[in-house]
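Asks: Data file input.pdb (PDB, C-alpha atoms) is appended below.
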```
ATOM      1  CA  MET A   7    -147.799 -92.780 -24.078
ATOM      2  CA  GLY A   8    -145.918 -94.571 -21.333
ATOM      3  CA  LEU A   9    -144.142 -93.223 -18.347
ATOM      4  CA  PHE A  10    -140.756 -94.657 -19.373
ATOM      5  CA  LYS A  11    -139.227 -95.463 -22.737
ATOM      6  CA  PRO A  12    -138.567 -99.134 -23.655
ATOM      7  CA  ASP A  13    -134.795 -98.455 -23.683
ATOM      8  CA  LEU A  14    -134.890 -97.904 -19.933
ATOM      9  CA  TYR A  15    -136.304-101.385 -19.337
ATOM     10  CA  ARG A  16    -133.705-102.907 -21.659
ATOM     11  CA  TYR A  17    -130.841-101.199 -19.811
ATOM     12  CA  LEU A  18    -132.266-102.209 -16.451
ATOM     13  CA  ALA A  19    -132.462-105.844 -17.606
ATOM     14  CA  ILE A  20    -128.875-105.765 -18.914
ATOM     15  CA  GLY A  21    -127.665-104.157 -15.697
ATOM     16  CA  PHE A  22    -129.483-106.753 -13.630
ATOM     17  CA  ALA A  23    -127.909-109.589 -15.640
ATOM     18  CA  VAL A  24    -124.404-108.130 -15.324
ATOM     19  CA  GLY A  25    -124.914-107.508 -11.609
ATOM     20  CA  ALA A  26    -126.123-111.085 -11.139
ATOM     21  CA  LEU A  27    -122.989-112.382 -12.880
ATOM     22  CA  PHE A  28    -120.779-110.322 -10.572
ATOM     23  CA  ALA A  29    -122.727-111.482  -7.518
ATOM     24  CA  VAL A  30    -122.387-115.143  -8.518
ATOM     25  CA  SER A  31    -118.711-114.740  -9.380
ATOM     26  CA  SER A  32    -117.977-113.136  -6.008
ATOM     27  CA  LYS A  33    -119.858-115.926  -4.198
ATOM     28  CA  ASP A  34    -118.119-118.813  -5.978
ATOM     29  CA  SER A  35    -114.484-118.185  -6.898
ATOM     30  CA  SER A  36    -114.331-120.917  -9.561
ATOM     31  CA  VAL A  37    -117.166-119.302 -11.512
ATOM     32  CA  GLY A  38    -115.379-115.952 -11.332
ATOM     33  CA  GLU A  39    -112.183-117.500 -12.704
ATOM     34  CA  GLN A  40    -114.086-119.106 -15.582
ATOM     35  CA  ILE A  41    -115.739-115.795 -16.466
ATOM     36  CA  ALA A  42    -112.444-113.906 -16.183
ATOM     37  CA  HIS A  43    -110.532-116.370 -18.366
ATOM     38  CA  GLY A  44    -113.238-116.082 -21.020
ATOM     39  CA  VAL A  45    -113.053-112.288 -21.090
ATOM     40  CA  VAL A  46    -109.543-111.272 -20.037
ATOM     41  CA  PRO A  47    -106.438-113.041 -21.350
ATOM     42  CA  VAL A  48    -103.976-114.432 -18.832
ATOM     43  CA  ALA A  49    -101.181-111.975 -18.026
ATOM     44  CA  GLU A  50     -97.619-113.141 -18.527
ATOM     45  CA  ALA A  51     -94.603-111.280 -17.234
ATOM     46  CA  GLN A  52     -91.626-110.729 -19.510
ATOM     47  CA  ALA A  53     -88.420-112.461 -18.453
ATOM     48  CA  ALA A  54     -85.829-110.198 -16.837
ATOM     49  CA  LYS A  55     -82.647-109.589 -18.809
TER      50      LYS A  55
END
```
Just give me the structure as structure tokens.
Replies:
Amino acid sequence: MGLFKPDLYRYLAIGFAVGALFAVSSKDSSVGEQIAHGVVPVAEAQAAK
């Protein structure tokens, strides 16, 4: 019987990985743009009528 359940360690590892990605993307703007373009589509404004 352990002190913590294995799910806790899994969530901590995922949170650490996501936090590391955000830290790297804030440090180097080109990495952040590459990550953003892979996840979020580029916004395009509709032409005014």
Asks: Could you tell me how far CA of Pro12 in chain A sits from CA of Val45 in chain A, in Å to one decimal place?
Replies: 28.8 Å
Asks: Quick check, in Å to one decimal: how far apart do CA of Phe10 in chain A and CA of Ala26 in chain A lie?
Replies: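 Separation between CA of Phe10 in chain A and CA of Ala26 in chain A: 23.5 Å.
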Asks: Have a look at CA of Gly21 in chain A and CA of Lys33 in chain A and let me know their distance in Å, one decimal.
Replies: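 So the two atoms, CA of Gly21 in chain A and CA of Lys33 in chain A, lie 18.2 Å apart.
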Asks: Reconstruct N, CA and C atoms of range 8-19 of chain A; output as a short mmCIF file (atom, residue, chain, number, x, y, z; two decimals), in the frame of the given file.
Replies:
```cif
data_model
loop_
_atom_site.label_atom_id
_atom_site.label_comp_id
_atom_site.auth_asym_id
_atom_site.auth_seq_id
_atom_site.Cartn_x
_atom_site.Cartn_y
_atom_site.Cartn_z
N GLY A 8 -146.31 -93.96 -22.60
CA GLY A 8 -145.92 -94.57 -21.33
C GLY A 8 -145.10 -93.62 -20.48
N LEU A 9 -144.92 -94.03 -19.28
CA LEU A 9 -144.14 -93.22 -18.35
C LEU A 9 -142.65 -93.28 -18.67
N PHE A 10 -142.17 -94.48 -19.04
CA PHE A 10 -140.76 -94.66 -19.37
C PHE A 10 -140.62 -95.21 -20.78
N LYS A 11 -139.50 -94.94 -21.39
CA LYS A 11 -139.23 -95.46 -22.74
C LYS A 11 -138.76 -96.91 -22.64
N PRO A 12 -138.98 -97.73 -23.69
CA PRO A 12 -138.57 -99.13 -23.66
C PRO A 12 -137.06 -99.33 -23.46
N ASP A 13 -136.25 -98.35 -23.87
CA ASP A 13 -134.79 -98.46 -23.68
C ASP A 13 -134.43 -98.56 -22.21
N LEU A 14 -135.17 -97.87 -21.36
CA LEU A 14 -134.89 -97.90 -19.93
C LEU A 14 -135.03 -99.33 -19.40
N TYR A 15 -136.09 -100.01 -19.81
CA TYR A 15 -136.30 -101.38 -19.34
C TYR A 15 -135.21 -102.31 -19.85
N ARG A 16 -134.78 -102.09 -21.08
CA ARG A 16 -133.71 -102.91 -21.66
C ARG A 16 -132.41 -102.71 -20.87
N TYR A 17 -132.07 -101.47 -20.57
CA TYR A 17 -130.84 -101.20 -19.81
C TYR A 17 -130.93 -101.72 -18.38
N LEU A 18 -132.09 -101.65 -17.78
CA LEU A 18 -132.27 -102.21 -16.45
C LEU A 18 -132.09 -103.72 -16.47
N ALA A 19 -132.61 -104.39 -17.50
CA ALA A 19 -132.46 -105.84 -17.61
C ALA A 19 -131.00 -106.23 -17.82
#
```
